[in-house]
Amino acid sequence: MNDVTGMPQTAVVIGGGSDLALAVMRRLASRRLRALVLVGRDIARLDQAAKELSDLGVKSVATLVSDVCDAGGHEALAHDCEQLLGSVDLVVVAAGSLGSAELDALRAEDVARSIETNFAGPAAAITAFATLMRAQGYGRIVVFSSVAGVRVRAANFVYGAGKAGLDAFCQGLGDALAGSGVQVVIVRPGFVRTKMTAGLSPAPFAVDGDAVAEAVVRGLERGSPVIWVPAALRVVFAALRLLPQAVWRRLPG
Amino acid sequence: MIDSVTDDRVAASLVSGWGRASPSAARVVTVRSRRHLEELVVGAGRSATPVLARGLGRSYGDAAQCAGGMVLDCTPLGAIAIEDLDEGIVRVEGGVSLDALLREVVPRGWFVPVTPGTAHVTVGGAIAADVHGKNHHRDGAFGSYVQRIELVTPSGGVEVAPASDPELFWATLGGMGLTGAIAEADVRLHRIETSRMLVDTVRARDLDECMEKLSDSDASYRYSVAWVDCAARGSRLGRSVLSLGDHAALSDLPAADRAKALDYRPSGGIGVPFAPPVNLVQPMAIAAANELWYRKARLHRAGELQSLASFFYPLDAVRDWNRLYGPRGFTQYQFVVPFGAEETVRTVIELLQAARLTPSLAVLKRFGKADPGPMSFPSAGWTLALDIALSARDVAPVLDRLDDVVADAQGRVYLAKDGRLRPELLREMYPRLEEWLAVRARVDPTGVFVSDQWRRVGASER
Ligand SMILES: Cc1cc2nc3c(=O)[nH]c(=O)nc-3n(C[C@H](O)[C@H](O)[C@H](O)COP(=O)(O)OP(=O)(O)OC[C@H]3O[C@@H](n4cnc5c(N)ncnc54)[C@H](O)[C@@H]3O)c2cc1C
Ligand SMILES: NC(=O)c1ccc[n+]([C@@H]2O[C@H](COP(=O)([O-])OP(=O)(O)OC[C@H]3O[C@@H](n4cnc5c(N)ncnc54)[C@H](OP(=O)(O)O)[C@@H]3O)[C@@H](O)[C@H]2O)c1
């Protein structure tokens, strides 16, 4: 169960090898987290993460191999997680992939795959867990969106479009779930130094993974429906959203 | 029987505790009669549907929630039988509120033997939490005045009395609804001559003086409590206002009032119509209110006549005051530590102050000897109850720290107020847990009765 301070005892991570999701789990491990399922593609990485979290005191950590784009498998996956955990207090959906938006190299199937990885797949997974949690009468779904989806830029418009879709889906789903005991929490980080952004030059307001984890845990405590990291980006993007397209297009970076 | 369960397939709705902090959805079924209650519980047992009885929802945390299951709203079970009132015995259904009971019995010269700080709790809730009042040091908890319970378990209704089945009886007192639903109980009342209280109000400069004065008052006052100003620091830490009293005798009333000696006027005029978008109970306001409260109490006010409502239920004056804490809600941290662990009480206040978590309300009381129930909260010592807003930063780790301090002192926290205790500590704080589990396993082997609290703090440890 989630306690009155918003802390879960059981969790599932979709994209179980994600640096950001693991940073969140490390913090939850020092609170109430006792059982966890890490779901992802790369079993070696999942096992390594599982070991680290067990060492931090999470009593049971299971790993499951599954591709987030396998939309047909999500209901069975949710069921398996329920079997493993008893009940699912929290799901963190972190699977995502930056990919490329170089027009010269852009292939139609890459675009489809990106939208699947960043939007269609996660949305299907979220749906499966939302259904499970409605039956439970409670639960929280934390979804990694991105400021890249708040206003989409030429530099990463494919990824940004996927995140925009996912973000919109989660806003609507969150409203639809009002009164069900199930809450959707949207996380909108800016640039975070993780393996996803390795090799890229940091954008303004860049933070570390642990800053995101801290903000997410604090957001769970406060019951915030949307978490911007760093918090200043909420105001920055409120302004950026208003820029004329011609100005927006020319912004550096 | 199955049909009536089908009839009750109502849609799920959100259920939360008084602190409004971790709601969950369940099908809330209105219990129409004791027979209906039995049908529902037996039906739930057959279909393995998680079920829990609920009263007026005055427990602060998640004790009266059953996510994804069936919550039985017992408040319509409101019958009060006063045939045996001459002997001081009243037969009440489980959903009767203390407020309703008092309206019935006070004019006839009786008061409830033990009352919590609000009249808006049900007899079922009072039994399930084995509630205590300001008279625990001398009269014990509610359970000592219950003579018989009609309990509904998954295999049907059973009569339970301390002599017929002491294990089940005492497991139900403080059992937080997990041994079954309380359909009816016989409760022994306390004789009163008037509906007024004779009250002495005393100020204490600091915690030592407060504890000394409370200890000295044990023998001379039936009821005693101290309101502690947790905003006061350093040498003034623990400064407080003590309220000490007993029921006034007829001869204590001015002659003109004696004709209406047993009039009962419940409190509760104004209300908070909706929850504001932010927590209005902020540290500055708390400090100011405490200052005022302390100054208002003159050094010593003796022999003042107060109504039952203003002595026992000052908080009931404002309906739905819990909404003032805004959307994030609040919790109450209540613990007891044995006599001799006075320093722990001080440490707890200091830890909260160091973390800038000023409790909006702090009440210190003395408990007498422990009650027989294995899961009953009171045990001889000091009990401090602290209301704490959940919107503040770092509440959770600080409360975890308090748990450690309390457990180290052989103390425990009160489940009726809890929504966050670490499961590992339940056994440490309630060393008779195994004994209680054995009784629960006997009457509800598959664990049909379950609460969010139990899933969080009890079931998860096993
Ligand atoms: C302002 C305030 C002051 C308080 N002061 C005190 C105090 O001084 N001392 C004290 O001891 N407590 C105090 N309390 C706590 C309160 O007395 C307990 O939480 C009590 O259990 C609430 O009763 P309820 O009817 O609201 O029960 P609920 O909150 O609805 O339920 C509480 C528990 O009782 C069980 N329960 C309820 N009805 C039944 C039933 N018919 N059969 C079986 N189980 C049932 C539920 O399953 C749950 O576990 C206070 C609470 C408030 C809000
Ligand atoms: N880092 C940032 O700057 C930043 C900013 C805003 C938002 N975000 C979002 O935050 C989330 C976590 O990112 P991160 O920084 O932690 O990056 P990360 O470590 O690369 O994590 C992303 C995870 O997604 C997984 N994944 C990718 N495609 C998948 C698929 N088809 N099926 C299953 N899993 C798949 C990856 O697993 P594999 O190892 O199998 O590829 C990887 O573990 C992502 O959704 C990201 O878009 C990140």
# chains A, B, ... in the order shown; residues from 1 in each chain; ligands from 1
$ interface_residues --of "chain B" --to "chain A" --cutoff "7 Å" --atoms "only C-alpha atoms" --output "JSON list (two decimals) with all heavy atoms, in the first residue's frame"
[["chain", "number", "residue", "atom", "x", "y", "z"],
["B", 13, "SER", "N", -16.40, 3.87, -4.77],
["B", 13, "SER", "CA", -16.17, 5.29, -4.49],
["B", 13, "SER", "C", -14.98, 5.44, -3.56],
["B", 13, "SER", "O", -14.54, 4.49, -2.93],
["B", 13, "SER", "CB", -17.44, 5.93, -3.91],
["B", 13, "SER", "OG", -17.84, 5.21, -2.78],
["B", 14, "LEU", "N", -14.46, 6.66, -3.49],
["B", 14, "LEU", "CA", -13.25, 6.90, -2.71],
["B", 14, "LEU", "C", -13.55, 6.95, -1.23],
["B", 14, "LEU", "O", -14.52, 7.56, -0.80],
["B", 14, "LEU", "CB", -12.61, 8.23, -3.12],
["B", 14, "LEU", "CG", -11.65, 8.22, -4.30],
["B", 14, "LEU", "CD1", -11.01, 9.59, -4.45],
["B", 14, "LEU", "CD2", -10.59, 7.14, -4.14],
["B", 21, "ALA", "N", -5.54, 11.69, 3.63],
["B", 21, "ALA", "CA", -4.24, 11.69, 2.98],
["B", 21, "ALA", "C", -3.99, 10.55, 1.98],
["B", 21, "ALA", "O", -3.23, 10.73, 1.05],
["B", 21, "ALA", "CB", -3.14, 11.68, 4.04],
["B", 22, "SER", "N", -4.58, 9.39, 2.16],
["B", 22, "SER", "CA", -4.32, 8.31, 1.20],
["B", 22, "SER", "C", -5.60, 7.54, 0.87],
["B", 22, "SER", "O", -5.77, 6.40, 1.25],
["B", 22, "SER", "CB", -3.24, 7.36, 1.70],
["B", 22, "SER", "OG", -3.61, 6.81, 2.95],
["B", 23, "PRO", "N", -6.52, 8.22, 0.16],
["B", 23, "PRO", "CA", -7.80, 7.58, -0.15],
["B", 23, "PRO", "C", -7.62, 6.38, -1.07],
["B", 23, "PRO", "O", -6.68, 6.31, -1.84],
["B", 23, "PRO", "CB", -8.58, 8.69, -0.87],
["B", 23, "PRO", "CG", -7.59, 9.68, -1.33],
["B", 23, "PRO", "CD", -6.40, 9.56, -0.43],
["B", 24, "SER", "N", -8.55, 5.43, -0.97],
["B", 24, "SER", "CA", -8.59, 4.32, -1.92],
["B", 24, "SER", "C", -10.05, 4.04, -2.23],
["B", 24, "SER", "O", -10.94, 4.43, -1.48],
["B", 24, "SER", "CB", -7.89, 3.09, -1.34],
["B", 24, "SER", "OG", -8.64, 2.55, -0.27],
["B", 25, "ALA", "N", -10.26, 3.38, -3.37],
["B", 25, "ALA", "CA", -11.64, 3.14, -3.81],
["B", 25, "ALA", "C", -12.11, 1.76, -3.38],
["B", 25, "ALA", "O", -11.36, 0.80, -3.42],
["B", 25, "ALA", "CB", -11.74, 3.29, -5.32],
["B", 26, "ALA", "N", -13.37, 1.70, -2.98],
["B", 26, "ALA", "CA", -14.00, 0.44, -2.61],
["B", 26, "ALA", "C", -15.49, 0.57, -2.88],
["B", 26, "ALA", "O", -16.00, 1.68, -3.03],
["B", 26, "ALA", "CB", -13.76, 0.14, -1.13],
["B", 61, "GLY", "N", -5.78, 7.61, 9.68],
["B", 61, "GLY", "CA", -5.05, 7.07, 8.53],
["B", 61, "GLY", "C", -5.91, 6.17, 7.67],
["B", 61, "GLY", "O", -7.00, 6.54, 7.25],
["B", 67, "ALA", "N", -9.26, -1.06, 0.01],
["B", 67, "ALA", "CA", -9.13, -0.81, -1.42],
["B", 67, "ALA", "C", -9.56, -2.02, -2.25],
["B", 67, "ALA", "O", -9.14, -3.15, -1.97],
["B", 67, "ALA", "CB", -7.68, -0.46, -1.76],
["B", 68, "GLY", "N", -10.39, -1.78, -3.23],
["B", 68, "GLY", "CA", -10.79, -2.83, -4.15],
["B", 68, "GLY", "C", -11.76, -3.83, -3.56],
["B", 68, "GLY", "O", -12.20, -4.75, -4.25],
["B", 328, "ARG", "N", -3.59, 18.06, 0.64],
["B", 328, "ARG", "CA", -2.61, 17.04, 1.02],
["B", 328, "ARG", "C", -2.95, 16.37, 2.34],
["B", 328, "ARG", "O", -2.44, 15.30, 2.64],
["B", 328, "ARG", "CB", -1.20, 17.66, 1.06],
["B", 328, "ARG", "CG", -0.09, 16.63, 1.16],
["B", 328, "ARG", "CD", -0.17, 15.63, 0.00],
["B", 328, "ARG", "NE", 0.63, 14.46, 0.25],
["B", 328, "ARG", "CZ", 0.21, 13.33, 0.82],
["B", 328, "ARG", "NH1", -1.05, 13.22, 1.20],
["B", 328, "ARG", "NH2", 1.01, 12.33, 1.01],
["B", 390, "LEU", "N", 0.74, 17.28, 6.24],
["B", 390, "LEU", "CA", 1.59, 16.46, 5.36],
["B", 390, "LEU", "C", 2.14, 17.26, 4.18],
["B", 390, "LEU", "O", 2.86, 16.72, 3.36],
["B", 390, "LEU", "CB", 0.80, 15.25, 4.86],
["B", 390, "LEU", "CG", 0.60, 14.17, 5.93],
["B", 390, "LEU", "CD1", -0.42, 13.14, 5.47],
["B", 390, "LEU", "CD2", 1.92, 13.49, 6.28],
["B", 391, "SER", "N", 1.78, 18.54, 4.10],
["B", 391, "SER", "CA", 2.30, 19.33, 2.98],
["B", 391, "SER", "C", 3.74, 19.76, 3.20],
["B", 391, "SER", "O", 4.45, 20.08, 2.25],
["B", 391, "SER", "CB", 1.41, 20.56, 2.75],
["B", 391, "SER", "OG", 1.25, 21.25, 3.97],
["B", 396, "ALA", "N", 8.01, 12.55, 6.37],
["B", 396, "ALA", "CA", 8.10, 11.10, 6.49],
["B", 396, "ALA", "C", 9.38, 10.65, 7.21],
["B", 396, "ALA", "O", 9.29, 9.86, 8.16],
["B", 396, "ALA", "CB", 7.99, 10.45, 5.11],
["B", 419, "GLY", "N", -0.98, 6.00, 9.68],
["B", 419, "GLY", "CA", -1.09, 5.74, 8.25],
["B", 419, "GLY", "C", 0.28, 5.55, 7.63],
["B", 419, "GLY", "O", 0.43, 5.64, 6.42],
["B", 420, "ARG", "N", 1.31, 5.27, 8.46],
["B", 420, "ARG", "CA", 2.66, 5.28, 7.89],
["B", 420, "ARG", "C", 3.70, 4.47, 8.67],
["B", 420, "ARG", "O", 4.88, 4.48, 8.29],
["B", 420, "ARG", "CB", 3.15, 6.72, 7.77],
["B", 420, "ARG", "CG", 2.76, 7.55, 8.97],
["B", 420, "ARG", "CD", 3.79, 8.43, 9.52],
["B", 420, "ARG", "NE", 5.07, 7.83, 9.61],
["B", 420, "ARG", "CZ", 5.53, 7.19, 10.66],
["B", 420, "ARG", "NH1", 4.78, 7.00, 11.75],
["B", 420, "ARG", "NH2", 6.73, 6.70, 10.67],
["B", 452, "ASP", "N", -6.73, -1.40, 4.51],
["B", 452, "ASP", "CA", -5.51, -0.89, 3.86],
["B", 452, "ASP", "C", -4.38, -0.85, 4.89],
["B", 452, "ASP", "O", -3.23, -1.14, 4.58],
["B", 452, "ASP", "CB", -5.75, 0.52, 3.30],
["B", 452, "ASP", "CG", -6.60, 0.49, 2.04],
["B", 452, "ASP", "OD1", -7.02, -0.62, 1.63],
["B", 452, "ASP", "OD2", -6.86, 1.56, 1.46],
["B", 455, "ARG", "N", -2.95, -4.33, 5.33],
["B", 455, "ARG", "CA", -2.14, -4.72, 4.17],
["B", 455, "ARG", "C", -0.78, -4.01, 4.23],
["B", 455, "ARG", "O", 0.23, -4.55, 3.83],
["B", 455, "ARG", "CB", -2.82, -4.30, 2.87],
["B", 455, "ARG", "CG", -3.99, -5.18, 2.50],
["B", 455, "ARG", "CD", -4.70, -4.52, 1.33],
["B", 455, "ARG", "NE", -5.74, -5.37, 0.77],
["B", 455, "ARG", "CZ", -6.83, -4.89, 0.22],
["B", 455, "ARG", "NH1", -7.03, -3.57, 0.16],
["B", 455, "ARG", "NH2", -7.72, -5.69, -0.28],
["B", 456, "ARG", "N", -0.80, -2.79, 4.70],
["B", 456, "ARG", "CA", 0.42, -1.98, 4.70],
["B", 456, "ARG", "C", 1.36, -2.37, 5.83],
["B", 456, "ARG", "O", 2.57, -2.51, 5.63],
["B", 456, "ARG", "CB", 0.04, -0.50, 4.84],
["B", 456, "ARG", "CG", 1.19, 0.47, 4.95],
["B", 456, "ARG", "CD", 0.68, 1.91, 4.96],
["B", 456, "ARG", "NE", -0.27, 2.15, 6.03],
["B", 456, "ARG", "CZ", 0.06, 2.29, 7.32],
["B", 456, "ARG", "NH1", 1.31, 2.23, 7.70],
["B", 456, "ARG", "NH2", -0.87, 2.49, 8.23]]
$ residues_around --residues "B:Arg191" --least-positions-apart "6" --cutoff "12 Å" --atoms "only C-alpha atoms" --output "JSON, numbers by chain"
{"B": [85, 86, 87, 88, 89, 105, 106, 107, 108, 109, 110, 111, 112, 113, 246, 247, 248, 249, 262]}
$ write_last_selection --atoms "N, CA, C and O atoms" --output "PDB file, in the first residue's frame"
ATOM      1  N   LEU B  85     -31.263   0.468  31.650  1.00  0.00           N
ATOM      2  CA  LEU B  85     -30.507   1.662  32.013  1.00  0.00           C
ATOM      3  C   LEU B  85     -30.420   1.852  33.533  1.00  0.00           C
ATOM      4  O   LEU B  85     -29.449   2.427  34.028  1.00  0.00           O
ATOM      5  N   ASP B  86     -31.431   1.332  34.251  1.00  0.00           N
ATOM      6  CA  ASP B  86     -31.382   1.476  35.710  1.00  0.00           C
ATOM      7  C   ASP B  86     -30.118   0.862  36.286  1.00  0.00           C
ATOM      8  O   ASP B  86     -29.560   1.335  37.257  1.00  0.00           O
ATOM      9  N   GLU B  87     -29.671  -0.231  35.640  1.00  0.00           N
ATOM     10  CA  GLU B  87     -28.406  -0.840  36.088  1.00  0.00           C
ATOM     11  C   GLU B  87     -27.209  -0.205  35.385  1.00  0.00           C
ATOM     12  O   GLU B  87     -26.083  -0.670  35.539  1.00  0.00           O
ATOM     13  N   GLY B  88     -27.480   0.793  34.557  1.00  0.00           N
ATOM     14  CA  GLY B  88     -26.393   1.469  33.866  1.00  0.00           C
ATOM     15  C   GLY B  88     -25.927   0.757  32.617  1.00  0.00           C
ATOM     16  O   GLY B  88     -24.869   1.057  32.082  1.00  0.00           O
ATOM     17  N   ILE B  89     -26.724  -0.199  32.127  1.00  0.00           N
ATOM     18  CA  ILE B  89     -26.327  -0.938  30.923  1.00  0.00           C
ATOM     19  C   ILE B  89     -27.151  -0.456  29.736  1.00  0.00           C
ATOM     20  O   ILE B  89     -28.368  -0.338  29.826  1.00  0.00           O
ATOM     21  N   VAL B 105     -28.879   9.337  26.731  1.00  0.00           N
ATOM     22  CA  VAL B 105     -28.652   8.912  28.123  1.00  0.00           C
ATOM     23  C   VAL B 105     -28.296  10.045  29.097  1.00  0.00           C
ATOM     24  O   VAL B 105     -28.566   9.918  30.299  1.00  0.00           O
ATOM     25  N   VAL B 106     -27.716  11.131  28.607  1.00  0.00           N
ATOM     26  CA  VAL B 106     -27.337  12.204  29.542  1.00  0.00           C
ATOM     27  C   VAL B 106     -28.565  12.741  30.287  1.00  0.00           C
ATOM     28  O   VAL B 106     -28.545  12.837  31.519  1.00  0.00           O
ATOM     29  N   PRO B 107     -29.661  13.039  29.572  1.00  0.00           N
ATOM     30  CA  PRO B 107     -30.838  13.529  30.298  1.00  0.00           C
ATOM     31  C   PRO B 107     -31.360  12.534  31.330  1.00  0.00           C
ATOM     32  O   PRO B 107     -32.100  12.906  32.243  1.00  0.00           O
ATOM     33  N   ARG B 108     -30.988  11.257  31.186  1.00  0.00           N
ATOM     34  CA  ARG B 108     -31.428  10.245  32.148  1.00  0.00           C
ATOM     35  C   ARG B 108     -30.392  10.019  33.238  1.00  0.00           C
ATOM     36  O   ARG B 108     -30.512   9.095  34.045  1.00  0.00           O
ATOM     37  N   GLY B 109     -29.315  10.808  33.197  1.00  0.00           N
ATOM     38  CA  GLY B 109     -28.339  10.740  34.285  1.00  0.00           C
ATOM     39  C   GLY B 109     -27.185   9.775  34.052  1.00  0.00           C
ATOM     40  O   GLY B 109     -26.614   9.233  35.002  1.00  0.00           O
ATOM     41  N   TRP B 110     -26.834   9.555  32.797  1.00  0.00           N
ATOM     42  CA  TRP B 110     -25.707   8.652  32.500  1.00  0.00           C
ATOM     43  C   TRP B 110     -24.758   9.283  31.489  1.00  0.00           C
ATOM     44  O   TRP B 110     -25.168  10.070  30.652  1.00  0.00           O
ATOM     45  N   PHE B 111     -23.493   8.872  31.567  1.00  0.00           N
ATOM     46  CA  PHE B 111     -22.485   9.328  30.613  1.00  0.00           C
ATOM     47  C   PHE B 111     -21.710   8.108  30.131  1.00  0.00           C
ATOM     48  O   PHE B 111     -21.682   7.075  30.807  1.00  0.00           O
ATOM     49  N   VAL B 112     -21.081   8.244  28.966  1.00  0.00           N
ATOM     50  CA  VAL B 112     -20.274   7.104  28.494  1.00  0.00           C
ATOM     51  C   VAL B 112     -19.067   6.943  29.419  1.00  0.00           C
ATOM     52  O   VAL B 112     -18.531   7.925  29.923  1.00  0.00           O
ATOM     53  N   PRO B 113     -18.651   5.691  29.643  1.00  0.00           N
ATOM     54  CA  PRO B 113     -17.590   5.452  30.624  1.00  0.00           C
ATOM     55  C   PRO B 113     -16.244   6.004  30.171  1.00  0.00           C
ATOM     56  O   PRO B 113     -15.407   6.364  30.999  1.00  0.00           O
ATOM     57  N   ASP B 246     -13.923  16.816  36.821  1.00  0.00           N
ATOM     58  CA  ASP B 246     -14.794  15.684  37.101  1.00  0.00           C
ATOM     59  C   ASP B 246     -16.227  16.161  36.879  1.00  0.00           C
ATOM     60  O   ASP B 246     -16.466  17.360  36.734  1.00  0.00           O
ATOM     61  N   HIS B 247     -17.143  15.201  36.848  1.00  0.00           N
ATOM     62  CA  HIS B 247     -18.539  15.578  36.674  1.00  0.00           C
ATOM     63  C   HIS B 247     -18.992  16.373  37.898  1.00  0.00           C
ATOM     64  O   HIS B 247     -18.674  16.016  39.030  1.00  0.00           O
ATOM     65  N   ALA B 248     -19.721  17.450  37.663  1.00  0.00           N
ATOM     66  CA  ALA B 248     -20.211  18.266  38.774  1.00  0.00           C
ATOM     67  C   ALA B 248     -21.380  17.556  39.455  1.00  0.00           C
ATOM     68  O   ALA B 248     -22.189  16.898  38.792  1.00  0.00           O
ATOM     69  N   ALA B 249     -21.414  17.657  40.765  1.00  0.00           N
ATOM     70  CA  ALA B 249     -22.564  17.122  41.507  1.00  0.00           C
ATOM     71  C   ALA B 249     -23.677  18.163  41.453  1.00  0.00           C
ATOM     72  O   ALA B 249     -23.437  19.329  41.125  1.00  0.00           O
ATOM     73  N   LEU B 262     -29.595  18.182  33.907  1.00  0.00           N
ATOM     74  CA  LEU B 262     -29.143  17.147  32.971  1.00  0.00           C
ATOM     75  C   LEU B 262     -29.381  17.523  31.501  1.00  0.00           C
ATOM     76  O   LEU B 262     -29.344  16.657  30.620  1.00  0.00           O
TER      77      LEU B 262
END
$ select_by_dssp --residues "stretch 54-96 of chain A" --states "helix (DSSP H, G or I)" --output "PyMOL selection string"
chain A and resi 54-55+71-85
$ residues_near_ligand --ligand "ligand 1" --cutoff "7 Å" --atoms "only C-alpha atoms and all ligand atoms" --output "PyMOL selection string"
chain B and resi 17-18+52-60+63-64+74+94-95+115-118+120-126+128-134+176-178+180-183+315+416-417+451
$ residues_near_ligand --ligand "ligand 2" --cutoff "6 Å" --atoms "only C-alpha atoms and all ligand atoms" --output "PyMOL selection string"
chain A and resi 15-21+40-42+67-69+94-97+117+144-146+189-197
$ residues_around --residues "A:Leu36" --least-positions-apart "4" --cutoff "7 Å" --atoms "only C-alpha atoms" --output "list in words"
Thr10, Ala11, Val12, Ser60, Val61 and Ala62 of chain A
$ write_last_selection --atoms "N, CA, C and O atoms" --output "PDB file, in the first residue's frame"
ATOM      1  N   THR A  10       5.491  -1.514  -2.990  1.00  0.00           N
ATOM      2  CA  THR A  10       5.794  -2.350  -4.150  1.00  0.00           C
ATOM      3  C   THR A  10       5.820  -1.480  -5.401  1.00  0.00           C
ATOM      4  O   THR A  10       5.099  -0.484  -5.474  1.00  0.00           O
ATOM      5  N   ALA A  11       6.653  -1.860  -6.387  1.00  0.00           N
ATOM      6  CA  ALA A  11       6.736  -1.058  -7.608  1.00  0.00           C
ATOM      7  C   ALA A  11       7.126  -1.916  -8.802  1.00  0.00           C
ATOM      8  O   ALA A  11       7.735  -2.976  -8.651  1.00  0.00           O
ATOM      9  N   VAL A  12       6.745  -1.417  -9.975  1.00  0.00           N
ATOM     10  CA  VAL A  12       7.149  -2.007 -11.245  1.00  0.00           C
ATOM     11  C   VAL A  12       7.826  -0.901 -12.039  1.00  0.00           C
ATOM     12  O   VAL A  12       7.351   0.234 -12.037  1.00  0.00           O
ATOM     13  N   SER A  60      12.646  -8.115  -2.197  1.00  0.00           N
ATOM     14  CA  SER A  60      12.482  -9.000  -3.349  1.00  0.00           C
ATOM     15  C   SER A  60      12.534  -8.162  -4.623  1.00  0.00           C
ATOM     16  O   SER A  60      11.765  -7.209  -4.779  1.00  0.00           O
ATOM     17  N   VAL A  61      13.473  -8.493  -5.508  1.00  0.00           N
ATOM     18  CA  VAL A  61      13.547  -7.802  -6.797  1.00  0.00           C
ATOM     19  C   VAL A  61      13.511  -8.854  -7.898  1.00  0.00           C
ATOM     20  O   VAL A  61      14.378  -9.725  -7.961  1.00  0.00           O
ATOM     21  N   ALA A  62      12.492  -8.792  -8.747  1.00  0.00           N
ATOM     22  CA  ALA A  62      12.379  -9.725  -9.865  1.00  0.00           C
ATOM     23  C   ALA A  62      12.673  -8.978 -11.160  1.00  0.00           C
ATOM     24  O   ALA A  62      12.524  -7.752 -11.220  1.00  0.00           O
TER      25      ALA A  62
END
